Structures are given as C-alpha cells and as structure tokens.
file data.csv (CSV, C-alpha atoms)
chain,number,residue,atom,x,y,z
A,951,MET,CA,71.0,57.6,170.4
A,952,VAL,CA,70.4,57.5,174.1
A,953,ALA,CA,69.8,60.9,175.5
A,954,ARG,CA,72.5,62.0,178.0
A,955,ARG,CA,72.4,64.8,180.5
A,956,ARG,CA,75.3,67.1,179.7
A,957,PRO,CA,76.7,70.0,181.7
A,958,ALA,CA,76.0,73.5,180.5
A,959,PRO,CA,78.6,74.5,177.9
A,960,ARG,CA,81.5,76.5,179.1
A,961,GLU,CA,82.2,79.8,177.5
A,962,GLN,CA,85.3,79.3,175.4
A,963,PRO,CA,87.7,82.1,174.3
A,964,PRO,CA,88.0,82.8,170.6
A,965,ARG,CA,90.5,80.6,168.8
A,966,GLU,CA,93.3,82.0,166.7
A,967,ALA,CA,95.1,80.4,163.8
A,968,VAL,CA,96.6,77.1,164.8
A,969,LEU,CA,100.3,78.1,164.7
A,970,SER,CA,99.7,81.0,167.1
A,971,ILE,CA,97.6,79.1,169.7
A,972,ALA,CA,99.5,78.9,173.0
A,973,PRO,CA,97.9,76.4,175.5
A,974,SER,CA,96.6,78.2,178.5
A,975,ALA,CA,98.3,75.9,180.9
A,976,SER,CA,101.6,77.0,182.4
A,977,PRO,CA,104.6,74.8,183.0
A,978,ALA,CA,102.7,73.5,186.0
A,979,ALA,CA,101.0,71.2,183.5
A,980,SER,CA,103.9,69.0,184.1
A,981,ALA,CA,103.6,67.5,187.6
A,982,SER,CA,106.3,68.3,190.2
A,983,ASP,CA,109.0,65.8,190.9
A,984,ASP,CA,107.6,65.3,194.4
A,985,LEU,CA,104.2,64.2,193.0
A,986,LEU,CA,105.9,62.0,190.4
A,987,ARG,CA,108.0,60.4,193.1
A,988,THR,CA,104.9,59.8,195.2
A,989,ARG,CA,103.1,58.1,192.4
A,990,LEU,CA,106.1,55.9,191.5
A,991,GLU,CA,106.9,54.9,195.1
A,992,ALA,CA,103.3,53.9,195.7
A,993,PHE,CA,103.5,51.7,192.6
A,994,LEU,CA,106.8,50.1,193.6
A,995,THR,CA,105.8,49.6,197.2
A,996,ALA,CA,102.7,47.6,196.2
A,997,ARG,CA,105.1,45.3,194.4
A,998,SER,CA,107.6,45.0,197.2
A,999,PHE,CA,110.6,46.6,195.6
A,1000,GLY,CA,112.2,50.0,195.9
A,1001,LEU,CA,113.4,53.0,194.0
A,1002,ASP,CA,117.1,51.8,194.2
A,1003,ASP,CA,116.0,48.5,192.5
A,1004,LEU,CA,114.5,50.4,189.7
A,1005,VAL,CA,117.6,52.6,189.2
A,1006,GLU,CA,119.6,49.4,188.7
A,1007,GLU,CA,117.5,48.7,185.6
A,1008,THR,CA,118.8,51.9,183.9
A,1009,ASP,CA,122.2,50.3,183.3
A,1010,GLN,CA,121.6,47.8,180.4
A,1011,GLY,CA,125.3,47.6,179.3
A,1012,HIS,CA,125.0,50.0,176.3
A,1013,GLY,CA,127.1,52.8,177.8
A,1014,GLU,CA,127.0,55.0,180.9
A,1015,PRO,CA,123.6,56.6,181.3
A,1016,VAL,CA,124.0,60.4,181.2
A,1017,ILE,CA,120.4,60.7,182.3
A,1018,ALA,CA,117.5,58.3,183.1
A,1019,VAL,CA,113.9,59.0,183.8
A,1020,ALA,CA,110.9,57.0,184.8
A,1021,ALA,CA,107.9,57.8,182.6
A,1022,GLY,CA,104.6,56.5,181.3
A,1023,SER,CA,101.1,56.2,182.5
A,1024,VAL,CA,102.0,55.5,186.1
A,1025,LEU,CA,103.9,58.7,186.4
A,1026,ALA,CA,101.1,60.6,184.5
A,1027,GLY,CA,98.6,59.4,187.1
A,1028,PHE,CA,96.6,57.2,184.8
A,1029,GLY,CA,98.2,53.8,185.4
A,1030,THR,CA,96.4,50.8,186.8
A,1031,HIS,CA,97.5,47.8,188.7
A,1032,LYS,CA,98.2,46.1,185.4
A,1033,SER,CA,100.4,48.9,184.1
A,1034,ASP,CA,104.0,48.6,183.2
A,1035,LEU,CA,106.8,51.0,184.1
A,1036,ASP,CA,108.7,52.9,181.4
A,1037,LEU,CA,112.3,53.9,181.7
A,1038,LEU,CA,113.9,56.3,179.2
A,1039,VAL,CA,117.7,56.1,179.3
A,1040,LEU,CA,120.1,58.3,177.3
A,1041,VAL,CA,123.6,56.9,177.0
A,1042,ASP,CA,126.9,58.3,175.7
A,1043,ASN,CA,127.1,55.9,172.8
A,1044,ASP,CA,126.4,57.0,169.3
A,1045,ARG,CA,126.1,53.4,168.0
A,1046,VAL,CA,122.8,53.0,169.9
A,1047,THR,CA,119.8,54.3,168.0
A,1048,ARG,CA,116.8,53.0,169.8
A,1049,MET,CA,117.2,49.9,171.9
A,1050,PRO,CA,114.0,48.6,173.6
A,1051,ILE,CA,114.6,46.2,176.4
A,1052,THR,CA,111.9,44.4,178.4
A,1053,SER,CA,112.6,43.3,182.0
A,1054,HIS,CA,110.6,41.1,184.3
A,1055,ARG,CA,113.1,41.1,187.1
A,1056,PHE,CA,110.7,42.1,189.8
A,1057,GLY,CA,107.6,40.4,188.5
A,1058,THR,CA,106.4,43.6,186.9
A,1059,LEU,CA,107.0,44.6,183.3
A,1060,VAL,CA,109.6,47.3,183.0
A,1061,ASP,CA,110.1,48.7,179.5
A,1062,VAL,CA,113.5,50.2,179.1
A,1063,THR,CA,114.3,52.3,176.1
A,1064,VAL,CA,117.9,53.1,175.6
A,1065,ARG,CA,118.8,55.9,173.1
A,1066,ALA,CA,122.0,57.8,172.2
A,1067,ALA,CA,122.1,61.0,174.1
A,1068,ALA,CA,123.3,63.4,171.4
A,1069,PRO,CA,120.7,62.6,168.8
A,1070,ALA,CA,117.9,62.7,171.4
A,1071,LYS,CA,119.0,66.1,172.6
A,1072,ALA,CA,119.3,67.4,169.1
A,1073,ALA,CA,115.8,66.2,168.2
A,1074,ALA,CA,114.4,68.0,171.3
A,1075,GLU,CA,116.2,71.2,170.4
A,1076,ALA,CA,114.9,70.9,166.8
A,1077,LEU,CA,111.3,70.9,168.1
A,1078,THR,CA,111.9,74.4,169.6
A,1079,THR,CA,113.4,75.9,166.4
A,1080,THR,CA,111.7,74.1,163.5
A,1081,ASP,CA,108.5,75.4,162.1
A,1082,TRP,CA,106.3,72.3,161.7
A,1083,PRO,CA,104.4,71.3,159.7
A,1084,THR,CA,105.4,72.7,156.4
A,1085,LEU,CA,104.7,71.1,153.0
A,1086,ASP,CA,108.3,70.2,152.5
A,1087,ARG,CA,108.3,68.1,155.6
A,1088,VAL,CA,105.0,66.2,155.5
A,1089,ASP,CA,105.9,62.9,153.8
A,1090,ASN,CA,105.4,59.7,155.7
A,1091,ALA,CA,109.0,59.5,157.0
A,1092,GLY,CA,109.1,63.1,158.1
A,1093,TRP,CA,105.7,62.8,159.9
A,1094,ASN,CA,106.8,59.7,161.8
A,1095,HIS,CA,110.1,61.2,162.7
A,1096,HIS,CA,108.3,64.2,164.2
A,1097,ARG,CA,106.0,62.0,166.2
A,1098,ARG,CA,108.9,60.0,167.6
A,1099,SER,CA,110.7,63.2,168.6
A,1100,LEU,CA,107.6,64.4,170.4
A,1101,ASN,CA,107.2,61.1,172.1
A,1102,THR,CA,110.8,60.9,173.3
A,1103,THR,CA,111.0,64.5,174.3
A,1104,SER,CA,107.8,64.7,176.2
A,1105,ARG,CA,108.5,61.5,178.1
A,1106,MET,CA,111.9,62.9,179.0
A,1107,ALA,CA,110.3,66.3,180.0
A,1108,LEU,CA,107.4,64.9,182.0
A,1109,GLY,CA,109.3,62.0,183.7
A,1110,LEU,CA,111.0,61.7,187.1
A,1111,PRO,CA,114.8,61.8,186.9
A,1112,LEU,CA,116.4,58.8,188.5
A,1113,LYS,CA,120.0,59.6,187.7
A,1114,GLY,CA,122.0,62.1,185.7
A,1115,GLY,CA,124.7,64.7,185.7
A,1116,ASP,CA,123.9,68.3,186.7
A,1117,ASP,CA,124.0,69.6,183.1
A,1118,TRP,CA,121.7,66.9,181.9
A,1119,LEU,CA,119.3,67.3,184.8
A,1120,ALA,CA,119.1,71.1,184.1
A,1121,TRP,CA,118.4,70.3,180.4
A,1122,GLN,CA,115.6,67.9,181.4
A,1123,ARG,CA,114.0,70.5,183.6
A,1124,GLY,CA,114.2,73.1,180.8
A,1125,LEU,CA,112.1,70.8,178.6
A,1126,ARG,CA,109.1,71.5,180.7
A,1127,GLY,CA,108.4,75.0,179.5
A,1128,PRO,CA,105.3,76.3,177.8
A,1129,TRP,CA,106.9,75.6,174.4
A,1130,LEU,CA,106.3,71.9,175.0
A,1131,GLY,CA,102.5,72.4,175.3
A,1132,ARG,CA,102.5,74.4,172.1
A,1133,VAL,CA,104.3,71.8,169.9
A,1134,LEU,CA,102.2,68.9,171.4
A,1135,HIS,CA,99.0,70.9,170.7
A,1136,ARG,CA,100.2,71.7,167.2
A,1137,TRP,CA,100.7,67.9,166.5
A,1138,TRP,CA,97.2,67.0,167.6
A,1139,VAL,CA,95.6,69.8,165.5
A,1140,ALA,CA,97.6,68.8,162.5
A,1141,GLU,CA,96.5,65.1,162.9
A,1142,ALA,CA,92.9,66.2,163.3
A,1143,VAL,CA,93.0,68.2,160.1
A,1144,ARG,CA,94.8,65.4,158.3
A,1145,MET,CA,92.1,62.8,159.4
A,1146,ARG,CA,89.3,65.2,158.6
A,1147,THR,CA,90.7,65.8,155.1
A,1148,ALA,CA,91.1,62.0,154.6
A,1149,ALA,CA,87.5,61.4,155.6
A,1150,ARG,CA,86.2,63.9,153.0
A,1151,TRP,CA,88.3,62.4,150.3
A,1152,LEU,CA,87.3,58.9,151.1
A,1153,ALA,CA,83.6,59.5,151.5
A,1154,PRO,CA,82.4,59.0,147.9
A,1155,ALA,CA,84.4,55.7,147.4
A,1156,ASN,CA,84.6,54.2,150.9
A,1157,PRO,CA,82.1,55.7,153.4
A,1158,ALA,CA,82.9,53.1,156.0
A,1159,LEU,CA,86.6,54.0,156.1
A,1160,ALA,CA,85.7,57.7,155.8
A,1161,ALA,CA,83.7,57.3,159.0
A,1162,LEU,CA,86.7,55.8,160.8
A,1163,ARG,CA,88.9,58.7,159.7
A,1164,ALA,CA,86.3,61.2,160.8
A,1165,ARG,CA,86.2,59.5,164.2
A,1166,ASP,CA,90.0,59.8,164.4
A,1167,ALA,CA,89.7,63.5,163.5
A,1168,VAL,CA,87.4,64.1,166.5
A,1169,LEU,CA,89.6,62.1,168.8
A,1170,HIS,CA,92.7,64.0,167.8
A,1171,ALA,CA,90.8,67.3,168.1
A,1172,LEU,CA,89.8,66.3,171.7
A,1173,HIS,CA,93.5,65.5,172.4
A,1174,ALA,CA,94.3,69.0,171.2
A,1175,ARG,CA,91.6,70.4,173.6
A,1176,ALA,CA,93.0,68.4,176.5
A,1177,THR,CA,96.6,69.5,175.7
A,1178,GLU,CA,95.5,73.1,175.6
A,1179,ALA,CA,94.0,72.6,179.1
A,1180,GLY,CA,97.3,71.2,180.4
A,1181,GLN,CA,97.1,67.4,179.8
A,1182,TRP,CA,100.4,67.0,178.0
A,1183,TYR,CA,100.9,63.2,178.3
A,1184,PHE,CA,101.5,62.1,174.7
A,1185,ASN,CA,99.7,58.8,174.5
A,1186,ALA,CA,96.5,58.4,172.6
A,1187,LYS,CA,94.9,55.6,174.5
A,1188,TRP,CA,94.5,57.7,177.7
A,1189,LEU,CA,92.2,60.3,176.2
A,1190,PRO,CA,89.2,59.4,178.3
A,1191,GLU,CA,91.3,59.7,181.5
A,1192,LYS,CA,92.6,63.1,180.4
A,1193,LEU,CA,89.0,64.3,179.8
A,1194,ARG,CA,87.9,62.9,183.2
A,1195,VAL,CA,90.6,64.8,185.0
A,1196,LEU,CA,89.5,68.0,183.2
A,1197,ASP,CA,85.8,67.3,184.0
A,1198,ASP,CA,85.1,67.5,180.2
A,1199,GLY,CA,81.7,65.8,180.1
A,1200,ASP,CA,81.1,66.9,176.5
A,1201,GLY,CA,84.3,65.3,175.3
A,1202,LEU,CA,83.7,62.1,177.2
A,1203,ALA,CA,80.2,61.8,175.7
A,1204,LYS,CA,81.7,62.2,172.3
A,1205,VAL,CA,84.4,59.6,172.9
A,1206,THR,CA,81.8,57.1,174.2
A,1207,ALA,CA,79.5,57.7,171.2
A,1208,LEU,CA,82.3,57.4,168.7
A,1209,LEU,CA,83.8,54.2,170.2
A,1210,ALA,CA,80.3,52.6,170.4
A,1211,GLY,CA,79.8,53.3,166.7
A,1212,ARG,CA,76.7,55.5,167.2
A,1213,VAL,CA,78.0,58.5,165.2
A,1214,THR,CA,77.4,59.0,161.5
A,1215,LEU,CA,80.1,60.3,159.1
A,1216,ASP,CA,78.4,63.6,158.8
A,1217,THR,CA,78.0,64.1,162.5
A,1218,ALA,CA,81.7,63.2,163.1
A,1219,LEU,CA,82.8,65.7,160.5
A,1220,SER,CA,80.6,68.3,162.1
A,1221,TRP,CA,82.1,67.6,165.5
A,1222,ALA,CA,85.6,67.8,164.1
A,1223,ASP,CA,84.8,71.2,162.5
A,1224,ASP,CA,83.4,72.5,165.8
A,1225,LEU,CA,86.3,71.3,167.9
A,1226,LEU,CA,89.0,72.6,165.6
A,1227,GLY,CA,87.4,76.0,165.1
A,1228,PRO,CA,88.9,78.5,162.7
A,1229,VAL,CA,92.4,77.0,162.5
A,1230,GLY,CA,93.0,78.7,159.2
A,1231,HIS,CA,93.5,77.4,155.7
A,1232,TRP,CA,95.5,74.2,155.2
A,1233,ASP,CA,97.3,72.7,152.2
A,1234,ALA,CA,97.5,69.0,151.5
A,1235,ALA,CA,100.4,67.0,150.0
A,1236,VAL,CA,100.2,63.4,148.9
A,1237,HIS,CA,103.1,61.1,148.5
A,1238,TRP,CA,103.4,57.5,147.5
A,1239,ALA,CA,102.6,55.2,150.4
A,1240,PRO,CA,105.4,52.9,151.7
A,1241,GLY,CA,105.8,49.8,149.5
A,1242,VAL,CA,104.4,51.3,146.4
A,1243,SER,CA,105.9,50.7,142.9
A,1244,THR,CA,104.7,52.2,139.6
A,1245,TRP,CA,104.8,51.1,135.9
A,1246,PRO,CA,103.8,53.4,133.1
A,1247,VAL,CA,101.5,51.6,130.5
A,1248,ASP,CA,99.9,52.8,127.3
A,1249,THR,CA,96.6,53.5,129.1
A,1250,GLY,CA,98.0,55.2,132.2
A,1251,THR,CA,99.9,53.8,135.2
A,1252,VAL,CA,99.8,50.6,137.1
A,1253,VAL,CA,100.4,51.1,140.9
A,1254,ASP,CA,101.4,48.2,143.0
A,1255,ARG,CA,101.8,47.9,146.8
A,1256,TRP,CA,104.0,45.4,148.5
A,1257,GLY,CA,103.6,43.1,145.5
A,1258,ILE,CA,100.3,42.0,146.9
A,1259,ARG,CA,97.7,44.1,145.0
A,1260,ALA,CA,97.6,46.6,142.2
A,1261,VAL,CA,95.3,49.1,140.6
A,1262,GLN,CA,95.5,50.8,137.2
A,1263,THR,CA,94.8,54.5,136.8
A,1264,PRO,CA,94.3,56.4,133.6
A,1265,LEU,CA,96.7,59.1,135.0
A,1266,SER,CA,100.1,59.4,133.3
A,1267,GLY,CA,103.1,61.5,134.1
A,1268,LEU,CA,103.0,60.5,137.8
A,1269,PRO,CA,106.4,60.6,139.7
A,1270,ALA,CA,108.0,57.2,139.7
A,1271,ALA,CA,107.7,55.1,142.8
A,1272,PRO,CA,109.4,54.1,145.0
A,1273,GLY,CA,110.7,57.7,145.3
A,1274,ASP,CA,110.4,60.9,147.2
A,1275,GLY,CA,108.4,62.8,144.6
A,1276,THR,CA,105.2,64.6,145.6
A,1277,VAL,CA,102.2,63.2,143.7
A,1278,TRP,CA,99.9,66.1,144.3
A,1279,THR,CA,99.5,69.3,146.4
A,1280,GLY,CA,96.6,71.7,146.8
A,1281,PRO,CA,94.1,73.1,149.2
A,1282,ALA,CA,93.0,70.5,151.8
A,1283,ASP,CA,89.4,71.6,151.5
A,1284,ALA,CA,89.3,70.9,147.7
A,1285,PRO,CA,89.4,67.2,147.1
A,1286,PRO,CA,91.8,66.3,144.2
A,1287,PRO,CA,89.7,64.2,141.8
A,1288,GLU,CA,92.7,63.2,139.7
A,1289,VAL,CA,94.3,61.2,142.6
A,1290,ARG,CA,91.4,60.5,144.9
A,1291,ASP,CA,90.9,57.0,143.5
A,1292,LEU,CA,94.5,56.1,144.3
A,1293,PHE,CA,94.1,57.5,147.8
A,1294,ALA,CA,90.9,55.4,148.3
A,1295,HIS,CA,92.9,52.3,147.3
A,1296,ASP,CA,95.6,53.1,150.0
A,1297,MET,CA,98.3,53.9,147.5
A,1298,LEU,CA,99.0,57.4,148.7
A,1299,TRP,CA,100.1,58.9,152.0
A,1300,LEU,CA,98.5,62.3,153.0
A,1301,GLY,CA,100.2,65.1,154.8
A,1302,VAL,CA,98.9,68.6,155.7
A,1303,ALA,CA,100.3,71.9,156.6
A,1304,PRO,CA,99.0,75.4,157.2
A,1305,ALA,CA,98.8,77.3,154.0
A,1306,VAL,CA,101.5,80.0,153.6
A,1307,LYS,CA,100.2,83.4,152.7
A,1308,GLU,CA,101.7,84.9,149.6
A,1309,ALA,CA,103.4,88.2,150.0
A,1310,PRO,CA,101.4,91.1,148.5
call {"tool": "encode", "arguments": {"input": "data.csv", "output": "structure tokens"}}
result
Amino acid sequence: MVARRRPAPREQPPREAVLSIAPSASPAASASDDLLRTRLEAFLTARSFGLDDLVEETDQGHGEPVIAVAAGSVLAGFGTHKSDLDLLVLVDNDRVTRMPITSHRFGTLVDVTVRAAAPAKAAAEALTTTDWPTLDRVDNAGWNHHRRSLNTTSRMALGLPLKGGDDWLAWQRGLRGPWLGRVLHRWWVAEAVRMRTAARWLAPANPALAALRARDAVLHALHARATEAGQWYFNAKWLPEKLRVLDDGDGLAKVTALLAGRVTLDTALSWADDLLGPVGHWDAAVHWAPGVSTWPVDTGTVVDRWGIRAVQTPLSGLPAAPGDGTVWTGPADAPPPEVRDLFAHDMLWLGVAPAVKEAP
C-alpha cells in the first residue's frame, strides 16, 4: 500500500451505547433557507430558467400540493454541472403512493416525486416515536420501509420549501430538529453492524463476498461519523464529499483504499470495529430472502430462490417459505453454524438490533 501522510488523529470523546448517541451537531446541521435558495438559484441561472419555472413543475396533476420542496445534491452543496434537481411534492390525494415523474422541460433533468401527504407525515412522526431497530421489525420489508421513511423525511426536512400552507411549512421546519440527526446516525450504525456481521458469517465460505460486506461496514460507519459531525444528507454516494467538507483526512484515506481494492478482509473488519467503537451488544435475526420457497424432504429441506437455483440443507423443521417466520435469532457476534450455509448461498436476509437487557 502506498504510504500517505495523514493528519494527527483528533482526540475523540468516548462513545456511548448506540441508542443513546446524540450527534454533536445542532439543528444548524441543516442549512438555512437563504443558503439553500442561493445554491438553487445559482444552479437555475446557469441554465437560464428561474425559480418560478421550477415551481410550475410541482403541479403534476395528481392533486393540489400541500407542500413542495427542492432537495437533493444541489441543495446539499455537493451537486455538479451534471446533477439533476429533485422535487418532493406532497399532495392531498390518498390514492397516490409514490409517483416518480421525470421532466426535461428546461433541458435539465428534474426528478419529481409525488406522494400522498397524510402517509408521508405519519411516517415522519413514527420516526420520532418508534424505537428502531428492534428484533420484531428487522425483516427485509421492515428494514426497507424504514430506509424509505428516512429518505423521504430527511429530504423534506433539509430541502428548500417552494410552496405550501402555513401549517405544512411549520411542520417542515419542525423536522429539522436534533432528533433527525439521531435517527439518521442510528440507521448508519445499524447498517454498519449488519454488514460487519454478514462479513464474519460469510468469511469461511465466501471470503471475496465477505470482503465486500466488510468494505460496506466501514463505509456505513464513516457515514455514521459524518452524520454525527453534522452531515445529514442521506445519500450514500456522496460520502467522500461529506468527509471533505469535514476535513476528515483519515476517512477519505480509508474510502480511497477500500474503493481501490487495497484492503484485506481482516483490515476492513478491524477498521469497522474501530469506527463503531463500543456500540453495545447486538442480536441478529435472519428471515427468508425475497423469492425463496422451501420443500421438506427426507434428508432435510430444499430451498429455492426465484425458481432459478436451489440448495439442499440437512436442516429440518425450518419455517415454511414464502412466509414471515424468523429462521434464526441469536447474538450477532456468535455465527450460527446451522444456518450459515444458507446465508452464504443468499437464501436468507439478515437484520440486527441492539440486544435488550433482561430485567434482574
């Protein structure tokens, strides 16, 4: 590996258990509306169209917008001349779930996402009241639902309002509180722990895939560190830009080495451990992956995915698939030998949650 000059390490405060970590950044981690408007207007001016033209794009014929915001990398300060613009529009129409619309009206790609207002608001409020993750909500569907809620809510919170009623504009401003940094940070930590666990389970059977999961664990842990420092933009591809803004030379060096393939599995796992710190004990739960079906046979169970490939395991008594049954639960740091082979064959989906202390 090529030697790099790195800045002297900064003294870091001791870390607490993951669910009690509160990012040090204040609500100022979300840029002011004046700064957001300056970034947006500079982008629009370079393309010879104005803010009023953009506002017209918020009405896509699916109901009256109760609030619309401009969001995305341009507003976050990371956009380039090739970037598109993202508009998030909430409408008073319960028949709309999530309607993505692409516009090229001004010669620039504008991605408009139209969503029903009531469910989007309820999902945002659930983020403030729901203790996540817990073992009863770490299946594939629940994990993806939480990710989508974070994506929509953070875009709404960190975006520039283009139109909306007073009540909705007040609600949007209220989303920018410190709680948002906490739930975003919690997501990245949980993803890092999940990828670290997957890497350890995969290492004996598929070291190459294990190395990729270990790499993901480090990247997610760096996202957690950036979020803790105030970079709340919820888009994975902009990690290097977040670290540059924070002058995090150590993080940038790790990203560069990981993406160049210069890091071994053991080194990546060591980095993940160091970045995560003492986040407490975690439990793992594995469910059948999407598309899996099972057939009991005399010698165990045949497990098929998407009708394309199948494996036979000597295990019997497994919950039937497709279905919502949990296949296995246990400590995340203790690989489950009885289901690890199925996991290595991509037949299982892994979720994690902080272990719950039993009452004395």
call {"tool": "closest_residue", "arguments": {"input": "data.csv", "among": "A:Ala1073, A:Leu1025, A:Ala1091, A:Leu1112", "to": "A:Leu1125", "atoms": "only C-alpha atoms"}}
result
A:Ala1073
call {"tool": "closest_residue", "arguments": {"input": "data.csv", "among": "A:Gly1013, A:Arg1150, A:Glu1141, A:Leu1035", "to": "A:Ala1186", "atoms": "all atoms listed in the file"}}
result
A:Glu1141
call {"tool": "residues_around", "arguments": {"input": "data.csv", "residues": "stretch 1192-1199 of chain A", "least_positions_apart": "4", "cutoff": "9 Å", "atoms": "all atoms listed in the file", "output": "list in words"}}
result
Arg956, Pro957, Phe1028, Leu1172, His1173, Ala1176, Thr1177, Ala1179, Gly1180, Gln1181, Tyr1183, Trp1188, Ala1203 and Lys1204 of chain A
call {"tool": "residues_around", "arguments": {"input": "data.csv", "residues": "A:Thr1058", "least_positions_apart": "5", "cutoff": "9 Å", "atoms": "only C-alpha atoms", "output": "list of chain:residue names"}}
result
A:Arg997, A:Lys1032, A:Ser1033, A:Asp1034, A:Leu1035, A:Ser1053
call {"tool": "residues_around", "arguments": {"input": "data.csv", "residues": "stretch 1229-1242 of chain A", "least_positions_apart": "3", "cutoff": "9 Å", "atoms": "all atoms listed in the file", "output": "PyMOL selection string"}}
result
chain A and resi 965-969+1085-1086+1088-1090+1139+1143-1144+1147+1226+1253-1257+1269+1271-1283+1289+1293+1296-1306
call {"tool": "build_atoms", "arguments": {"input": "data.csv", "residues": "stretch 1182-1191 of chain A", "atoms": "all heavy atoms", "output": "short mmCIF file (atom, residue, chain, number, x, y, z; two decimals), in the coordinates of the input"}}
result
data_model
loop_
_atom_site.label_atom_id
_atom_site.label_comp_id
_atom_site.auth_asym_id
_atom_site.auth_seq_id
_atom_site.Cartn_x
_atom_site.Cartn_y
_atom_site.Cartn_z
N TRP A 1182 99.36 67.09 179.01
CA TRP A 1182 100.40 67.00 178.00
C TRP A 1182 100.87 65.57 177.73
O TRP A 1182 101.71 65.36 176.85
CB TRP A 1182 101.62 67.84 178.41
CG TRP A 1182 101.35 69.31 178.42
CD1 TRP A 1182 100.19 69.95 178.08
CD2 TRP A 1182 102.28 70.34 178.80
NE1 TRP A 1182 100.32 71.31 178.22
CE2 TRP A 1182 101.59 71.58 178.66
CE3 TRP A 1182 103.59 70.35 179.23
CZ2 TRP A 1182 102.20 72.80 178.96
CZ3 TRP A 1182 104.20 71.55 179.53
CH2 TRP A 1182 103.51 72.77 179.38
N TYR A 1183 100.40 64.59 178.48
CA TYR A 1183 100.90 63.20 178.30
C TYR A 1183 100.56 62.79 176.87
O TYR A 1183 99.42 62.82 176.42
CB TYR A 1183 100.23 62.29 179.31
CG TYR A 1183 100.74 60.87 179.26
CD1 TYR A 1183 102.12 60.61 179.23
CD2 TYR A 1183 99.87 59.80 179.25
CE1 TYR A 1183 102.59 59.32 179.18
CE2 TYR A 1183 100.34 58.49 179.21
CZ TYR A 1183 101.70 58.25 179.18
OH TYR A 1183 102.17 56.97 179.12
N PHE A 1184 101.60 62.32 176.15
CA PHE A 1184 101.50 62.10 174.70
C PHE A 1184 101.25 60.60 174.44
O PHE A 1184 102.08 59.89 173.92
CB PHE A 1184 102.80 62.54 174.04
CG PHE A 1184 102.73 62.60 172.54
CD1 PHE A 1184 101.86 63.44 171.89
CD2 PHE A 1184 103.59 61.81 171.77
CE1 PHE A 1184 101.82 63.51 170.50
CE2 PHE A 1184 103.56 61.87 170.38
CZ PHE A 1184 102.66 62.71 169.75
N ASN A 1185 100.06 60.15 174.82
CA ASN A 1185 99.70 58.80 174.50
C ASN A 1185 98.20 58.74 174.25
O ASN A 1185 97.38 59.12 175.08
CB ASN A 1185 100.02 57.88 175.75
CG ASN A 1185 99.88 56.41 175.43
OD1 ASN A 1185 98.86 55.97 174.90
ND2 ASN A 1185 100.91 55.63 175.74
N ALA A 1186 97.86 58.28 173.05
CA ALA A 1186 96.50 58.40 172.60
C ALA A 1186 95.47 57.62 173.37
O ALA A 1186 94.32 58.04 173.51
CB ALA A 1186 96.42 58.02 171.09
N LYS A 1187 95.86 56.47 173.90
CA LYS A 1187 94.90 55.60 174.50
C LYS A 1187 94.31 56.14 175.82
O LYS A 1187 93.28 55.65 176.31
CB LYS A 1187 95.44 54.20 174.74
CG LYS A 1187 96.46 54.10 175.87
CD LYS A 1187 96.93 52.66 176.03
CE LYS A 1187 97.92 52.52 177.17
NZ LYS A 1187 98.39 51.13 177.32
N TRP A 1188 94.96 57.15 176.41
CA TRP A 1188 94.50 57.70 177.70
C TRP A 1188 93.61 58.90 177.54
O TRP A 1188 93.40 59.64 178.50
CB TRP A 1188 95.70 58.00 178.58
CG TRP A 1188 96.46 56.79 178.99
CD1 TRP A 1188 97.66 56.35 178.48
CD2 TRP A 1188 96.08 55.82 179.97
NE1 TRP A 1188 98.04 55.19 179.09
CE2 TRP A 1188 97.09 54.84 180.01
CE3 TRP A 1188 94.98 55.69 180.82
CZ2 TRP A 1188 97.04 53.75 180.86
CZ3 TRP A 1188 94.93 54.60 181.67
CH2 TRP A 1188 95.94 53.64 181.68
N LEU A 1189 93.07 59.14 176.37
CA LEU A 1189 92.20 60.30 176.20
C LEU A 1189 91.05 60.35 177.15
O LEU A 1189 90.79 61.41 177.74
CB LEU A 1189 91.69 60.34 174.72
CG LEU A 1189 90.69 61.44 174.39
CD1 LEU A 1189 91.29 62.82 174.63
CD2 LEU A 1189 90.23 61.32 172.94
N PRO A 1190 90.28 59.27 177.37
CA PRO A 1190 89.20 59.40 178.30
C PRO A 1190 89.63 59.81 179.72
O PRO A 1190 88.95 60.60 180.38
CB PRO A 1190 88.59 57.95 178.35
CG PRO A 1190 88.95 57.38 177.02
CD PRO A 1190 90.30 57.95 176.71
N GLU A 1191 90.80 59.29 180.18
CA GLU A 1191 91.30 59.70 181.50
C GLU A 1191 91.66 61.17 181.53
O GLU A 1191 91.44 61.86 182.52
CB GLU A 1191 92.48 58.82 181.89
CG GLU A 1191 92.14 57.36 182.06
CD GLU A 1191 91.00 57.14 183.03
OE1 GLU A 1191 90.98 57.82 184.09
OE2 GLU A 1191 90.12 56.32 182.75
#
